[in-house]
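Dropping final.cif in here (mmCIF, C-alpha atoms):
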```
data_upload
loop_
_atom_site.group_PDB
_atom_site.id
_atom_site.type_symbol
_atom_site.label_atom_id
_atom_site.label_comp_id
_atom_site.auth_asym_id
_atom_site.auth_seq_id
_atom_site.Cartn_x
_atom_site.Cartn_y
_atom_site.Cartn_z
ATOM 1 C CA MET V 940 -0.386 -33.972 41.262
ATOM 2 C CA ASN V 941 1.749 -35.246 38.384
ATOM 3 C CA SER V 942 0.061 -32.892 35.891
ATOM 4 C CA GLY V 943 0.514 -29.914 38.201
ATOM 5 C CA LEU V 944 4.159 -30.806 38.725
ATOM 6 C CA SER V 945 4.753 -31.132 34.960
ATOM 7 C CA ILE V 946 3.142 -27.740 34.328
ATOM 8 C CA LYS V 947 5.347 -26.167 37.005
ATOM 9 C CA ARG V 948 8.471 -27.734 35.490
ATOM 10 C CA GLY V 949 7.417 -26.560 32.051
ATOM 11 C CA ARG V 950 7.060 -22.977 33.293
ATOM 12 C CA GLN V 951 10.447 -23.153 34.976
ATOM 13 C CA ALA V 952 12.021 -24.451 31.746
ATOM 14 C CA ILE V 953 10.466 -21.599 29.744
ATOM 15 C CA LEU V 954 11.655 -19.008 32.264
ATOM 16 C CA ALA V 955 15.136 -20.538 32.255
ATOM 17 C CA THR V 956 15.253 -20.359 28.453
ATOM 18 C CA LEU V 957 14.072 -16.742 28.459
ATOM 19 C CA TRP V 958 16.689 -15.807 31.035
ATOM 20 C CA LYS V 959 19.388 -17.576 29.057
ATOM 21 C CA GLN V 960 18.484 -15.592 25.935
ATOM 22 C CA ARG V 961 17.912 -12.298 27.800
ATOM 23 C CA VAL V 962 20.475 -10.393 25.734
ATOM 24 C CA SER V 963 18.704 -11.323 22.500
ATOM 25 C CA TYR V 964 15.359 -10.154 23.857
ATOM 26 C CA LEU V 965 16.983 -6.913 24.956
ATOM 27 C CA PHE V 966 17.998 -6.195 21.360
ATOM 28 C CA ILE V 967 14.525 -6.850 19.940
ATOM 29 C CA ALA V 968 12.771 -4.994 22.788
ATOM 30 C CA PRO V 969 12.691 -1.555 21.028
ATOM 31 C CA PHE V 970 11.004 -3.037 17.969
ATOM 32 C CA MET V 971 8.561 -5.103 20.034
ATOM 33 C CA VAL V 972 7.591 -2.078 22.143
ATOM 34 C CA CYS V 973 6.986 0.114 19.081
ATOM 35 C CA PHE V 974 5.134 -2.690 17.280
ATOM 36 C CA THR V 975 2.898 -3.273 20.298
ATOM 37 C CA VAL V 976 2.185 0.398 20.958
ATOM 38 C CA PHE V 977 1.641 1.551 17.371
ATOM 39 C CA ILE V 978 0.278 -1.610 15.675
ATOM 40 C CA VAL V 979 -1.172 -4.152 18.102
ATOM 41 C CA VAL V 980 -2.867 -1.746 20.532
ATOM 42 C CA PRO V 981 -4.553 0.401 17.813
ATOM 43 C CA ILE V 982 -5.843 -2.711 16.028
ATOM 44 C CA VAL V 983 -7.263 -4.146 19.256
ATOM 45 C CA LEU V 984 -8.868 -0.813 20.204
ATOM 46 C CA ALA V 985 -10.333 -0.350 16.707
ATOM 47 C CA ASN V 986 -11.809 -3.849 16.752
ATOM 48 C CA GLY V 987 -13.362 -3.208 20.149
ATOM 49 C CA LEU V 988 -14.599 0.314 19.359
ATOM 50 C CA ALA V 989 -16.279 -0.949 16.162
ATOM 51 C CA PHE V 990 -19.106 -2.330 18.323
ATOM 52 C CA PHE V 991 -19.786 1.010 20.042
ATOM 53 C CA SER V 992 -21.124 4.456 19.266
ATOM 54 C CA PHE V 993 -18.515 6.998 20.374
ATOM 55 C CA ASP V 994 -18.040 10.701 19.600
ATOM 56 C CA ALA V 995 -14.803 11.210 21.599
ATOM 57 C CA ILE V 996 -16.691 13.165 24.286
ATOM 58 C CA SER V 997 -19.600 11.104 25.609
ATOM 59 C CA ARG V 998 -19.314 7.641 27.080
ATOM 60 C CA PRO V 999 -19.269 4.855 24.461
ATOM 61 C CA THR V 1000 -22.630 3.168 23.875
ATOM 62 C CA PHE V 1001 -22.653 -0.503 22.982
ATOM 63 C CA LEU V 1002 -24.361 -1.194 19.631
ATOM 64 C CA GLY V 1003 -23.329 -4.745 18.819
ATOM 65 C CA TRP V 1004 -23.242 -5.384 15.071
ATOM 66 C CA ASP V 1005 -25.234 -2.249 14.170
ATOM 67 C CA ASN V 1006 -22.233 -0.398 12.747
ATOM 68 C CA PHE V 1007 -21.412 -3.252 10.373
ATOM 69 C CA LEU V 1008 -25.065 -3.628 9.354
ATOM 70 C CA ALA V 1009 -25.184 0.105 8.613
ATOM 71 C CA ILE V 1010 -22.082 -0.199 6.421
ATOM 72 C CA LEU V 1011 -23.638 -2.977 4.346
ATOM 73 C CA THR V 1012 -27.207 -1.653 4.137
ATOM 74 C CA GLN V 1013 -27.380 2.104 4.748
ATOM 75 C CA ASP V 1014 -24.078 3.753 3.791
ATOM 76 C CA ARG V 1015 -24.788 4.782 0.200
ATOM 77 C CA ILE V 1016 -21.512 6.696 -0.241
ATOM 78 C CA PHE V 1017 -19.505 3.694 0.941
ATOM 79 C CA LEU V 1018 -21.303 1.234 -1.354
ATOM 80 C CA GLN V 1019 -21.635 3.463 -4.435
ATOM 81 C CA ASN V 1020 -18.401 5.467 -4.258
ATOM 82 C CA ALA V 1021 -15.786 4.281 -1.755
ATOM 83 C CA ILE V 1022 -15.840 0.552 -2.608
ATOM 84 C CA PRO V 1023 -15.918 0.885 -6.440
ATOM 85 C CA ASN V 1024 -13.336 3.679 -6.424
ATOM 86 C CA THR V 1025 -11.004 1.759 -4.113
ATOM 87 C CA PHE V 1026 -11.145 -1.409 -6.203
ATOM 88 C CA LYS V 1027 -10.723 0.505 -9.467
ATOM 89 C CA PHE V 1028 -7.758 2.379 -8.006
ATOM 90 C CA ALA V 1029 -6.221 -0.793 -6.522
ATOM 91 C CA ILE V 1030 -6.762 -2.958 -9.615
ATOM 92 C CA ILE V 1031 -5.059 -0.406 -11.893
ATOM 93 C CA VAL V 1032 -2.369 1.112 -9.660
ATOM 94 C CA GLY V 1033 -1.502 -2.102 -7.768
ATOM 95 C CA PRO V 1034 -0.637 -4.531 -10.599
ATOM 96 C CA LEU V 1035 0.588 -1.820 -12.983
ATOM 97 C CA GLY V 1036 2.776 -0.177 -10.335
ATOM 98 C CA TYR V 1037 4.060 -3.606 -9.298
ATOM 99 C CA ALA V 1038 4.937 -4.506 -12.883
ATOM 100 C CA LEU V 1039 6.627 -1.136 -13.407
ATOM 101 C CA SER V 1040 8.641 -1.622 -10.201
ATOM 102 C CA PHE V 1041 9.968 -4.953 -11.440
ATOM 103 C CA LEU V 1042 10.603 -3.671 -14.973
ATOM 104 C CA LEU V 1043 12.504 -0.591 -13.816
ATOM 105 C CA ALA V 1044 14.454 -2.604 -11.243
ATOM 106 C CA TRP V 1045 15.436 -5.102 -13.951
ATOM 107 C CA LEU V 1046 16.439 -2.329 -16.396
ATOM 108 C CA ILE V 1047 18.527 -0.541 -13.743
ATOM 109 C CA HIS V 1048 20.191 -3.846 -12.864
ATOM 110 C CA GLN V 1049 21.460 -4.072 -16.455
ATOM 111 C CA LEU V 1050 23.285 -0.722 -16.126
ATOM 112 C CA PRO V 1051 26.960 -0.404 -15.150
ATOM 113 C CA LYS V 1052 27.476 -0.202 -11.379
ATOM 114 C CA ARG V 1053 28.936 3.307 -11.530
ATOM 115 C CA ILE V 1054 25.640 4.854 -12.698
ATOM 116 C CA ARG V 1055 23.185 2.348 -11.207
ATOM 117 C CA ASP V 1056 22.851 4.257 -7.929
ATOM 118 C CA LEU V 1057 22.009 7.525 -9.689
ATOM 119 C CA PHE V 1058 19.083 5.964 -11.551
ATOM 120 C CA THR V 1059 17.915 4.203 -8.372
ATOM 121 C CA ILE V 1060 17.802 7.475 -6.440
ATOM 122 C CA ALA V 1061 16.052 9.268 -9.307
ATOM 123 C CA ILE V 1062 13.271 6.655 -9.486
ATOM 124 C CA TYR V 1063 12.917 6.127 -5.725
ATOM 125 C CA THR V 1064 12.840 9.821 -4.752
ATOM 126 C CA PRO V 1065 9.230 10.519 -5.949
ATOM 127 C CA SER V 1066 7.887 8.012 -3.416
ATOM 128 C CA LEU V 1067 9.529 10.063 -0.636
ATOM 129 C CA SER V 1068 8.491 13.495 -1.884
ATOM 130 C CA ALA V 1069 5.044 12.658 -3.268
ATOM 131 C CA GLY V 1070 3.165 14.991 -0.920
ATOM 132 C CA VAL V 1071 5.460 17.941 -1.545
ATOM 133 C CA ALA V 1072 5.584 17.250 -5.284
ATOM 134 C CA MET V 1073 1.794 17.180 -5.532
ATOM 135 C CA SER V 1074 1.540 20.637 -4.029
ATOM 136 C CA VAL V 1075 4.463 22.066 -6.013
ATOM 137 C CA VAL V 1076 4.436 20.216 -9.335
ATOM 138 C CA TRP V 1077 1.222 18.345 -10.022
ATOM 139 C CA LEU V 1078 -1.116 21.116 -8.849
ATOM 140 C CA VAL V 1079 0.664 23.488 -11.225
ATOM 141 C CA ILE V 1080 0.493 20.981 -14.081
ATOM 142 C CA PHE V 1081 -3.264 20.443 -13.642
ATOM 143 C CA ASN V 1082 -4.104 24.039 -12.728
ATOM 144 C CA GLY V 1083 -7.514 24.979 -14.091
ATOM 145 C CA ASP V 1084 -6.518 28.318 -15.624
ATOM 146 C CA ARG V 1085 -4.392 29.178 -18.661
ATOM 147 C CA ILE V 1086 -1.217 29.221 -16.563
ATOM 148 C CA GLY V 1087 -1.474 25.509 -15.808
ATOM 149 C CA TYR V 1088 1.126 23.604 -17.814
ATOM 150 C CA LEU V 1089 -1.319 21.093 -19.278
ATOM 151 C CA ASN V 1090 -3.917 23.717 -20.184
ATOM 152 C CA ASN V 1091 -1.243 25.973 -21.643
ATOM 153 C CA PHE V 1092 0.079 23.170 -23.836
ATOM 154 C CA LEU V 1093 -3.375 22.084 -25.048
ATOM 155 C CA LEU V 1094 -4.413 25.687 -25.778
ATOM 156 C CA SER V 1095 -1.159 26.403 -27.637
ATOM 157 C CA ALA V 1096 -1.589 23.240 -29.699
ATOM 158 C CA GLY V 1097 -5.189 24.128 -30.525
ATOM 159 C CA ILE V 1098 -6.518 20.900 -28.974
ATOM 160 C CA VAL V 1099 -8.921 22.734 -26.628
ATOM 161 C CA ARG V 1100 -10.460 26.194 -26.831
ATOM 162 C CA GLU V 1101 -11.104 26.797 -23.127
ATOM 163 C CA PRO V 1102 -9.078 25.829 -20.038
ATOM 164 C CA GLN V 1103 -10.213 22.605 -18.393
ATOM 165 C CA LEU V 1104 -10.846 22.407 -14.643
ATOM 166 C CA TRP V 1105 -8.943 19.142 -14.301
ATOM 167 C CA LEU V 1106 -9.020 18.854 -10.520
ATOM 168 C CA GLN V 1107 -12.635 19.980 -10.165
ATOM 169 C CA ASP V 1108 -14.121 17.744 -12.863
ATOM 170 C CA PRO V 1109 -15.234 14.272 -11.624
ATOM 171 C CA GLN V 1110 -14.674 12.915 -15.128
ATOM 172 C CA TYR V 1111 -10.892 13.428 -14.892
ATOM 173 C CA PHE V 1112 -10.158 13.338 -11.171
ATOM 174 C CA MET V 1113 -9.759 9.559 -10.676
ATOM 175 C CA ASN V 1114 -7.559 9.255 -13.785
ATOM 176 C CA ILE V 1115 -5.299 12.026 -12.466
ATOM 177 C CA MET V 1116 -5.080 10.213 -9.128
ATOM 178 C CA ILE V 1117 -3.999 7.035 -10.919
ATOM 179 C CA VAL V 1118 -1.320 8.832 -12.969
ATOM 180 C CA VAL V 1119 0.161 10.580 -9.935
ATOM 181 C CA SER V 1120 0.052 7.374 -7.864
ATOM 182 C CA LEU V 1121 1.918 5.416 -10.540
ATOM 183 C CA TRP V 1122 4.557 8.161 -10.651
ATOM 184 C CA ALA V 1123 5.057 7.832 -6.872
ATOM 185 C CA SER V 1124 4.699 4.045 -6.638
ATOM 186 C CA MET V 1125 8.409 3.125 -6.840
ATOM 187 C CA GLY V 1126 8.888 2.683 -3.091
ATOM 188 C CA VAL V 1127 10.452 0.017 -0.888
ATOM 189 C CA GLY V 1128 9.018 -2.757 -3.075
ATOM 190 C CA PHE V 1129 11.062 -1.426 -5.982
ATOM 191 C CA LEU V 1130 14.203 -1.333 -3.808
ATOM 192 C CA ALA V 1131 13.557 -4.882 -2.573
ATOM 193 C CA MET V 1132 13.291 -6.199 -6.128
ATOM 194 C CA LEU V 1133 16.452 -4.358 -7.170
ATOM 195 C CA ALA V 1134 18.300 -5.800 -4.184
ATOM 196 C CA GLY V 1135 16.994 -9.268 -5.016
ATOM 197 C CA LEU V 1136 18.203 -9.021 -8.612
ATOM 198 C CA GLN V 1137 21.726 -8.348 -7.351
ATOM 199 C CA THR V 1138 21.704 -11.616 -5.375
ATOM 200 C CA VAL V 1139 20.785 -13.904 -8.302
ATOM 201 C CA ASN V 1140 23.599 -16.365 -9.030
ATOM 202 C CA THR V 1141 24.928 -15.547 -12.515
ATOM 203 C CA GLU V 1142 25.876 -19.179 -13.014
ATOM 204 C CA LEU V 1143 22.163 -19.963 -13.297
ATOM 205 C CA TYR V 1144 21.985 -17.962 -16.521
ATOM 206 C CA GLU V 1145 24.941 -19.883 -17.956
ATOM 207 C CA ALA V 1146 23.303 -23.176 -17.009
ATOM 208 C CA GLY V 1147 20.023 -21.971 -18.502
ATOM 209 C CA ALA V 1148 21.724 -21.149 -21.807
ATOM 210 C CA ILE V 1149 23.081 -24.698 -21.934
ATOM 211 C CA ASP V 1150 19.588 -26.083 -21.215
ATOM 212 C CA GLY V 1151 18.019 -24.167 -24.101
ATOM 213 C CA ILE V 1152 17.069 -20.708 -22.777
ATOM 214 C CA SER V 1153 17.634 -18.444 -25.768
ATOM 215 C CA ASN V 1154 16.383 -14.933 -24.872
ATOM 216 C CA ARG V 1155 16.015 -12.465 -22.003
ATOM 217 C CA LEU V 1156 12.273 -13.043 -21.585
ATOM 218 C CA GLN V 1157 12.846 -16.737 -20.921
ATOM 219 C CA GLU V 1158 15.639 -15.866 -18.491
ATOM 220 C CA ILE V 1159 13.278 -13.601 -16.539
ATOM 221 C CA TYR V 1160 10.475 -16.174 -16.441
ATOM 222 C CA TYR V 1161 12.477 -19.319 -15.683
ATOM 223 C CA ILE V 1162 15.416 -17.972 -13.656
ATOM 224 C CA THR V 1163 15.061 -14.386 -12.418
ATOM 225 C CA ILE V 1164 11.532 -14.431 -10.961
ATOM 226 C CA PRO V 1165 11.899 -17.849 -9.219
ATOM 227 C CA SER V 1166 15.219 -16.680 -7.739
ATOM 228 C CA ILE V 1167 13.775 -13.516 -6.170
ATOM 229 C CA LYS V 1168 10.396 -14.823 -4.993
ATOM 230 C CA PRO V 1169 10.833 -13.469 -1.427
ATOM 231 C CA GLN V 1170 11.452 -9.957 -2.780
ATOM 232 C CA MET V 1171 8.559 -10.349 -5.227
ATOM 233 C CA LEU V 1172 6.297 -11.364 -2.334
ATOM 234 C CA PHE V 1173 7.396 -8.381 -0.269
ATOM 235 C CA GLY V 1174 6.797 -6.044 -3.213
ATOM 236 C CA ALA V 1175 3.353 -7.537 -3.837
ATOM 237 C CA ILE V 1176 2.282 -7.096 -0.208
ATOM 238 C CA MET V 1177 3.576 -3.526 -0.083
ATOM 239 C CA SER V 1178 1.743 -2.761 -3.335
ATOM 240 C CA VAL V 1179 -1.526 -4.245 -2.026
ATOM 241 C CA VAL V 1180 -1.340 -2.453 1.304
ATOM 242 C CA GLY V 1181 -0.278 0.819 -0.306
ATOM 243 C CA THR V 1182 -3.109 0.923 -2.835
ATOM 244 C CA LEU V 1183 -5.860 -0.180 -0.443
ATOM 245 C CA LYS V 1184 -4.885 2.326 2.241
ATOM 246 C CA ALA V 1185 -4.298 5.182 -0.219
ATOM 247 C CA GLY V 1186 -6.416 8.251 0.329
ATOM 248 C CA SER V 1187 -4.234 11.243 1.049
ATOM 249 C CA ILE V 1188 -3.490 11.694 -2.642
ATOM 250 C CA GLY V 1189 -7.112 12.606 -3.409
ATOM 251 C CA ALA V 1190 -7.268 15.056 -0.503
ATOM 252 C CA LEU V 1191 -4.006 16.727 -1.587
ATOM 253 C CA LEU V 1192 -5.127 17.090 -5.188
ATOM 254 C CA ALA V 1193 -8.639 18.290 -4.321
ATOM 255 C CA GLY V 1194 -7.524 20.530 -1.462
ATOM 256 C CA SER V 1195 -10.093 18.984 0.906
ATOM 257 C CA PRO V 1196 -10.907 15.526 2.314
ATOM 258 C CA ILE V 1197 -13.980 15.308 0.046
ATOM 259 C CA THR V 1198 -13.142 14.986 -3.650
ATOM 260 C CA PRO V 1199 -15.405 16.423 -6.407
ATOM 261 C CA GLN V 1200 -18.702 14.500 -6.279
ATOM 262 C CA TYR V 1201 -16.849 11.717 -4.431
ATOM 263 C CA SER V 1202 -15.088 10.794 -7.700
ATOM 264 C CA GLY V 1203 -11.825 10.037 -5.860
ATOM 265 C CA HIS V 1204 -13.400 8.943 -2.577
ATOM 266 C CA LEU V 1205 -11.565 5.840 -1.300
ATOM 267 C CA ILE V 1206 -12.191 3.738 1.810
ATOM 268 C CA THR V 1207 -9.460 5.611 3.692
ATOM 269 C CA ASN V 1208 -11.147 8.927 2.848
ATOM 270 C CA HIS V 1209 -14.439 7.521 4.133
ATOM 271 C CA ILE V 1210 -12.786 6.500 7.407
ATOM 272 C CA GLU V 1211 -11.229 9.953 7.844
ATOM 273 C CA ASP V 1212 -14.561 11.605 7.001
ATOM 274 C CA TYR V 1213 -16.368 9.820 9.833
ATOM 275 C CA ALA V 1214 -13.444 9.960 12.271
ATOM 276 C CA PHE V 1215 -12.160 13.539 11.943
ATOM 277 C CA ILE V 1216 -15.070 15.459 10.386
ATOM 278 C CA ARG V 1217 -18.188 13.799 11.788
ATOM 279 C CA TYR V 1218 -16.498 12.436 14.963
ATOM 280 C CA GLU V 1219 -18.325 9.108 14.699
ATOM 281 C CA LEU V 1220 -15.347 7.120 15.946
ATOM 282 C CA GLY V 1221 -17.236 3.871 16.464
ATOM 283 C CA TYR V 1222 -18.476 3.813 12.892
ATOM 284 C CA SER V 1223 -15.059 4.790 11.514
ATOM 285 C CA SER V 1224 -13.532 1.927 13.544
ATOM 286 C CA ALA V 1225 -15.984 -0.487 11.915
ATOM 287 C CA LEU V 1226 -14.897 0.838 8.512
ATOM 288 C CA SER V 1227 -11.267 0.304 9.555
ATOM 289 C CA VAL V 1228 -12.035 -3.320 10.406
ATOM 290 C CA VAL V 1229 -13.580 -3.805 6.946
ATOM 291 C CA LEU V 1230 -10.439 -2.314 5.355
ATOM 292 C CA LEU V 1231 -8.235 -4.535 7.545
ATOM 293 C CA LEU V 1232 -10.100 -7.626 6.336
ATOM 294 C CA LEU V 1233 -9.685 -6.541 2.703
ATOM 295 C CA VAL V 1234 -5.943 -6.013 3.188
ATOM 296 C CA TYR V 1235 -5.613 -9.376 4.939
ATOM 297 C CA GLY V 1236 -7.484 -11.209 2.174
ATOM 298 C CA THR V 1237 -5.448 -9.689 -0.648
ATOM 299 C CA SER V 1238 -2.203 -10.259 1.280
ATOM 300 C CA ARG V 1239 -3.063 -13.942 1.649
ATOM 301 C CA LEU V 1240 -3.636 -14.075 -2.110
ATOM 302 C CA SER V 1241 -0.173 -12.587 -2.638
ATOM 303 C CA PHE V 1242 1.311 -15.274 -0.354
ATOM 304 C CA ARG V 1243 -0.344 -17.981 -2.438
ATOM 305 C CA LEU V 1244 1.069 -16.521 -5.647
ATOM 306 C CA PHE V 1245 4.657 -15.841 -4.579
ATOM 307 C CA ALA V 1246 5.386 -17.920 -1.462
ATOM 308 C CA ALA V 1247 7.928 -20.692 -1.926
ATOM 309 C CA LYS V 1248 6.436 -24.137 -2.571
ATOM 310 C CA GLY V 1249 8.049 -27.461 -1.835
ATOM 311 C CA ASP V 1250 11.795 -27.415 -2.262
ATOM 312 C CA GLU V 1251 11.968 -23.926 -3.820
#
```
Would you write the structure of this file as structure tokens?
Amino acid sequence: MNSGLSIKRGRQAILATLWKQRVSYLFIAPFMVCFTVFIVVPIVLANGLAFFSFDAISRPTFLGWDNFLAILTQDRIFLQNAIPNTFKFAIIVGPLGYALSFLLAWLIHQLPKRIRDLFTIAIYTPSLSAGVAMSVVWLVIFNGDRIGYLNNFLLSAGIVREPQLWLQDPQYFMNIMIVVSLWASMGVGFLAMLAGLQTVNTELYEAGAIDGISNRLQEIYYITIPSIKPQMLFGAIMSVVGTLKAGSIGALLAGSPITPQYSGHLITNHIEDYAFIRYELGYSSALSVVLLLLVYGTSRLSFRLFAAKGDE
């Protein structure tokens, strides 16, 4: 009786607290509804559908762990192309794009305030217009005929004798993807770092000079980076998630979801191949779960590197 009474009182206390804070919950309700509908529900459905065979028409058939076993033992394209390409792409574009974001944010922060915004917009804009720019600018640059800007330059300089099919040659395709991705990688992580730099207490630099810090590199290492660790963490997570879930760039450059000889085939492309071309939604859901686990693991690594420790 006493335990039942205590549980009842506990529920009443929780309900009373919720009712007392009802205005606060009303303000966060739009975000919570969108987060639940577009994030939580799809993740739950994908995790459940990963154990079924489903073609979007017939009734789902329960398979257990068969989809995951097929990924690890039978999917040659996934093991030989999607996984190596994704890790190569992520290892190069992720850290390099992250370092460039910090470097450019730091350089812009050194500029006078009257022109700082102009440079910020100029560097941030490619991340917003990447899709349009790839179809208007990059496809023209890497066009395979003599009109393409790169071919025209190399032919005029006498470096090559015949036009190169840049976007049809597996030897060059992944490298082009990396270059274009780095150009468009200055997104919200870059803005977060720039905002963080503007909040660093300038008195810390004066104190550091008294304590023996003698150059800008030491200032960055001992003062700037520790002072903006939350923004660095946010930028790292956005970089990890962005590179691991990249895939549209290869499809835009190649003009089809399948890149030349799978040279730019990433995990996201593999998921879209099975989901929207082959209509094997159960198998594509299993692939999505694998990608989710990869993103989670690398995000946890980012937390370990940049999360505040102790009294920081």
Can you pull out the residues contacting range 1171-1186 of chain V? Cut-off 8 Å, using only C-alpha atoms, and skip same-chain residues under 2 positions away; I want them as a ChimeraX atom specification. /V:1025-1026,1028-1029,1032-1034,1036-1037,1127-1129,1131-1132,1164,1167-1169,1188-1190,1204-1208,1230,1234,1237-1238,1241-1242,1245-1246
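Atom pair CA of Arg1100 in chain V / CA of Ser1202 in chain V: separated by 25.0 Å.
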Quick check, in Å to one decimal: how far apart do CA of Leu1104 in chain V and CA of Asn1090 in chain V lie? 9.0 Å
Take the PyMOL selection byres ((chain V and resi 1125) around 8), apply it to the structure above, and return the hits as an mmCIF file with C-alpha atoms, in the coordinates of the input.
```
data_model
loop_
_atom_site.group_PDB
_atom_site.id
_atom_site.type_symbol
_atom_site.label_atom_id
_atom_site.label_comp_id
_atom_site.auth_asym_id
_atom_site.auth_seq_id
_atom_site.Cartn_x
_atom_site.Cartn_y
_atom_site.Cartn_z
ATOM 1 C CA GLY V 1036 2.776 -0.177 -10.335
ATOM 2 C CA SER V 1040 8.641 -1.622 -10.201
ATOM 3 C CA ILE V 1062 13.271 6.655 -9.486
ATOM 4 C CA TYR V 1063 12.917 6.127 -5.725
ATOM 5 C CA PRO V 1065 9.230 10.519 -5.949
ATOM 6 C CA SER V 1066 7.887 8.012 -3.416
ATOM 7 C CA LEU V 1121 1.918 5.416 -10.540
ATOM 8 C CA TRP V 1122 4.557 8.161 -10.651
ATOM 9 C CA ALA V 1123 5.057 7.832 -6.872
ATOM 10 C CA SER V 1124 4.699 4.045 -6.638
ATOM 11 C CA GLY V 1126 8.888 2.683 -3.091
ATOM 12 C CA VAL V 1127 10.452 0.017 -0.888
ATOM 13 C CA GLY V 1128 9.018 -2.757 -3.075
ATOM 14 C CA PHE V 1129 11.062 -1.426 -5.982
ATOM 15 C CA LEU V 1130 14.203 -1.333 -3.808
#
```
Restricting the calculation to all atoms listed in the file: of V:Val972, V:Leu1226, V:Leu954, V:Ala1134, which residue gets closest to Leu1008 in chain V? V:Leu1226
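CA of Thr1198 in chain V is found 11.6 Å from CA of Tyr1111 in chain V.
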For the PyMOL selection byres ((chain V and resi 986-994) around 6), applied here, can you spell out every residue it catches as an MDAnalysis selection string? chainID V and resid 983:985 995:996 999:1003 1218:1221 1224:1225
Using all atoms listed in the file, find all polymer residues with an atom at most 12 Å away from the point (14.1, -15.9, -18.6); report them as a PDB file with C-alpha atoms, keeping the file's coordinate frame.
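Everything below was put into part31.pdb:
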```pdb
ATOM      1  CA  TRP V1045      15.436  -5.102 -13.951  1.00  0.00           C
ATOM      2  CA  LEU V1143      22.163 -19.963 -13.297  1.00  0.00           C
ATOM      3  CA  TYR V1144      21.985 -17.962 -16.521  1.00  0.00           C
ATOM      4  CA  GLU V1145      24.941 -19.883 -17.956  1.00  0.00           C
ATOM      5  CA  ALA V1146      23.303 -23.176 -17.009  1.00  0.00           C
ATOM      6  CA  GLY V1147      20.023 -21.971 -18.502  1.00  0.00           C
ATOM      7  CA  ALA V1148      21.724 -21.149 -21.807  1.00  0.00           C
ATOM      8  CA  ASP V1150      19.588 -26.083 -21.215  1.00  0.00           C
ATOM      9  CA  GLY V1151      18.019 -24.167 -24.101  1.00  0.00           C
ATOM     10  CA  ILE V1152      17.069 -20.708 -22.777  1.00  0.00           C
ATOM     11  CA  SER V1153      17.634 -18.444 -25.768  1.00  0.00           C
ATOM     12  CA  ASN V1154      16.383 -14.933 -24.872  1.00  0.00           C
ATOM     13  CA  ARG V1155      16.015 -12.465 -22.003  1.00  0.00           C
ATOM     14  CA  LEU V1156      12.273 -13.043 -21.585  1.00  0.00           C
ATOM     15  CA  GLN V1157      12.846 -16.737 -20.921  1.00  0.00           C
ATOM     16  CA  GLU V1158      15.639 -15.866 -18.491  1.00  0.00           C
ATOM     17  CA  ILE V1159      13.278 -13.601 -16.539  1.00  0.00           C
ATOM     18  CA  TYR V1160      10.475 -16.174 -16.441  1.00  0.00           C
ATOM     19  CA  TYR V1161      12.477 -19.319 -15.683  1.00  0.00           C
ATOM     20  CA  ILE V1162      15.416 -17.972 -13.656  1.00  0.00           C
ATOM     21  CA  THR V1163      15.061 -14.386 -12.418  1.00  0.00           C
ATOM     22  CA  ILE V1164      11.532 -14.431 -10.961  1.00  0.00           C
ATOM     23  CA  PRO V1165      11.899 -17.849  -9.219  1.00  0.00           C
ATOM     24  CA  SER V1166      15.219 -16.680  -7.739  1.00  0.00           C
TER      25      SER V1166
END
```
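Considering the residues V:Tyr1201, V:Phe1058, V:Tyr1222, V:Phe977 and counting all atoms listed in the file, Ile1016 in chain V has its shortest atom-to-atom contact with V:Tyr1201.
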For the file shown, what are the residues hit by the PyMOL selection byres ((chain V and resi 1077) around 12), laid out as a ChimeraX atom specification? /V:1065,1068-1076,1078-1083,1087-1089,1105-1106,1115-1116,1118-1120,1122-1123,1188,1191-1193
Mind dumping the selected residues with C-alpha atoms as a CSV table (one decimal), in the coordinates of the input?
```csv
chain,number,residue,atom,x,y,z
V,1065,PRO,CA,9.2,10.5,-5.9
V,1068,SER,CA,8.5,13.5,-1.9
V,1069,ALA,CA,5.0,12.7,-3.3
V,1070,GLY,CA,3.2,15.0,-0.9
V,1071,VAL,CA,5.5,17.9,-1.5
V,1072,ALA,CA,5.6,17.2,-5.3
V,1073,MET,CA,1.8,17.2,-5.5
V,1074,SER,CA,1.5,20.6,-4.0
V,1075,VAL,CA,4.5,22.1,-6.0
V,1076,VAL,CA,4.4,20.2,-9.3
V,1078,LEU,CA,-1.1,21.1,-8.8
V,1079,VAL,CA,0.7,23.5,-11.2
V,1080,ILE,CA,0.5,21.0,-14.1
V,1081,PHE,CA,-3.3,20.4,-13.6
V,1082,ASN,CA,-4.1,24.0,-12.7
V,1083,GLY,CA,-7.5,25.0,-14.1
V,1087,GLY,CA,-1.5,25.5,-15.8
V,1088,TYR,CA,1.1,23.6,-17.8
V,1089,LEU,CA,-1.3,21.1,-19.3
V,1105,TRP,CA,-8.9,19.1,-14.3
V,1106,LEU,CA,-9.0,18.9,-10.5
V,1115,ILE,CA,-5.3,12.0,-12.5
V,1116,MET,CA,-5.1,10.2,-9.1
V,1118,VAL,CA,-1.3,8.8,-13.0
V,1119,VAL,CA,0.2,10.6,-9.9
V,1120,SER,CA,0.1,7.4,-7.9
V,1122,TRP,CA,4.6,8.2,-10.7
V,1123,ALA,CA,5.1,7.8,-6.9
V,1188,ILE,CA,-3.5,11.7,-2.6
V,1191,LEU,CA,-4.0,16.7,-1.6
V,1192,LEU,CA,-5.1,17.1,-5.2
V,1193,ALA,CA,-8.6,18.3,-4.3
```
Could you name the residues that touch His1048 in chain V at 10 Å or less, counting only C-alpha atoms, but leaving out those on the same chain fewer than 2 positions away, as a PyMOL selection string? chain V and resi 1042-1046+1050-1052+1055-1056+1058-1059+1132-1134+1136-1137
Near Phe1017 in chain V, counting only C-alpha atoms, which residues have an atom at most 8 Å away, once you skip same-chain residues fewer than 4 positions from it, shown as a PyMOL selection string? chain V and resi 1010+1021-1022+1206+1209
